[in-house]
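To keep things clear, I will list the structure first and then write my remarks on it.
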Amino acid sequence: MEPIQGVPATAGRLRREPTALDRRAAAVLARVHGGQAINNGDGMIKLETACLASAFGATRVSVEVNWSMVLAKAVAHLYLIADGNREPLLARVPLIPDLVPPHVCIDVRLEQSCHVRAVVECGDGALLEVKRWVWVMPSEG
């Protein structure tokens with residue numbers, strides 16, 4: 001395929017530089033999981049939250065986990081992380097079969113627009129992640 005005149009050859013292949021939020025999330029994940037590889041959790045973890053939140057109000061985050069896929073012979077853990085918060089780790093919930101329902105709702109406060117991540121540490125030690133971007137609107141004041 002021939003390049004289009006006036007368009008750089010690298011167009012469409014540029015990589016985005018990591019932002020401060022990306023680095024903060026990576027640091028939290030490394031602290032919690034020791035730098036272990038994190039896999040895509042789509043299909044096994046369902047994360048629902050509003051796309052738009054208030055800076056001073058609570059935002060509901062709902063996580064539903066596919067038990068049969070995640071709990072391989074042992075207890076799992078759910079970590080809820082907001083990249084933009086000063087303290088990014090919002091919650092750590094043990095996922096115990098028959099004691100904790102597969103659907104968890106948590107009200108959290110988001111300090112700035114960021115990714116909200118649900119990371120599940122499976123019973124076999126594997127890590128799965130899903131994330132959603134949430135815009136945080138400053139209050140008028």
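Labels used: A, B, ... for chains in the order of the structure tokens, numbers from 1 for residues in each chain, and numbers from 1 for ligands as shown.
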
Inset, instruction - Name the residues in contact with Arg92 of chain A at a cut-off of 10 Å, using only C-alpha atoms, excluding same-chain residues fewer than 5 positions from it; report them as a count of residues only. - result: 8

Legend entry - Near-Thr59 of chain A list (10 Å; only C-alpha atoms; drop same-chain fewer than 3 positions) as a count of residues only: 16

Inset, instruction - Going by DSSP on the backbone, which bits of segment 90-140 of chain A are strand (DSSP E or B)? Write them as number ranges by chain, please. - result: A: 90-95, 103-108, 114-121, 127-137

Keeping only C-alpha atoms, take the residues you just selected and write them out as a PDB file, in the first residue's frame.
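again_4.pdb, written as the output of this step:
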```pdb
ATOM      1  CA  LEU A  90     -10.550   1.921  47.288  1.00  0.00           C
ATOM      2  CA  ALA A  91     -11.448  -1.540  48.532  1.00  0.00           C
ATOM      3  CA  ARG A  92     -10.223  -5.101  48.979  1.00  0.00           C
ATOM      4  CA  VAL A  93     -12.999  -7.668  49.201  1.00  0.00           C
ATOM      5  CA  PRO A  94     -12.399 -11.381  49.833  1.00  0.00           C
ATOM      6  CA  LEU A  95     -14.553 -13.441  47.457  1.00  0.00           C
ATOM      7  CA  HIS A 103     -22.340  -9.186  42.921  1.00  0.00           C
ATOM      8  CA  VAL A 104     -20.742  -6.435  45.028  1.00  0.00           C
ATOM      9  CA  CYS A 105     -21.829  -2.749  45.113  1.00  0.00           C
ATOM     10  CA  ILE A 106     -19.607  -0.149  46.726  1.00  0.00           C
ATOM     11  CA  ASP A 107     -20.089   3.622  47.021  1.00  0.00           C
ATOM     12  CA  VAL A 108     -16.789   5.427  46.469  1.00  0.00           C
ATOM     13  CA  CYS A 114      -9.654   8.545  35.960  1.00  0.00           C
ATOM     14  CA  HIS A 115      -9.939   4.845  35.258  1.00  0.00           C
ATOM     15  CA  VAL A 116     -11.782   2.793  37.847  1.00  0.00           C
ATOM     16  CA  ARG A 117     -10.338  -0.722  37.824  1.00  0.00           C
ATOM     17  CA  ALA A 118     -11.640  -3.984  39.202  1.00  0.00           C
ATOM     18  CA  VAL A 119      -8.790  -6.454  39.628  1.00  0.00           C
ATOM     19  CA  VAL A 120      -9.624  -9.999  40.692  1.00  0.00           C
ATOM     20  CA  GLU A 121      -6.950 -12.262  42.097  1.00  0.00           C
ATOM     21  CA  LEU A 127      -4.969 -11.732  37.918  1.00  0.00           C
ATOM     22  CA  LEU A 128      -7.855 -10.399  35.815  1.00  0.00           C
ATOM     23  CA  GLU A 129      -8.706  -6.738  35.236  1.00  0.00           C
ATOM     24  CA  VAL A 130     -11.470  -4.640  33.722  1.00  0.00           C
ATOM     25  CA  LYS A 131     -11.510  -0.849  33.759  1.00  0.00           C
ATOM     26  CA  ARG A 132     -13.867   2.016  32.936  1.00  0.00           C
ATOM     27  CA  TRP A 133     -13.128   5.712  32.474  1.00  0.00           C
ATOM     28  CA  VAL A 134     -15.148   8.033  34.730  1.00  0.00           C
ATOM     29  CA  TRP A 135     -15.298  11.787  34.203  1.00  0.00           C
ATOM     30  CA  VAL A 136     -15.438  13.693  37.495  1.00  0.00           C
ATOM     31  CA  MET A 137     -17.138  17.083  37.324  1.00  0.00           C
TER      32      MET A 137
END
```

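In terms of minimum interatomic distance to Pro102 of chain A, A:Lys46 ranks closest within A:Lys46, A:Arg86, A:Asp124, A:Ser139, counting only C-alpha atoms.
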
Inset, instruction - Calculate how many Å separate atom CA of Val28 of chain A from atom CA of Gly123 of chain A, rounding to one decimal. - result: 20.6 Å
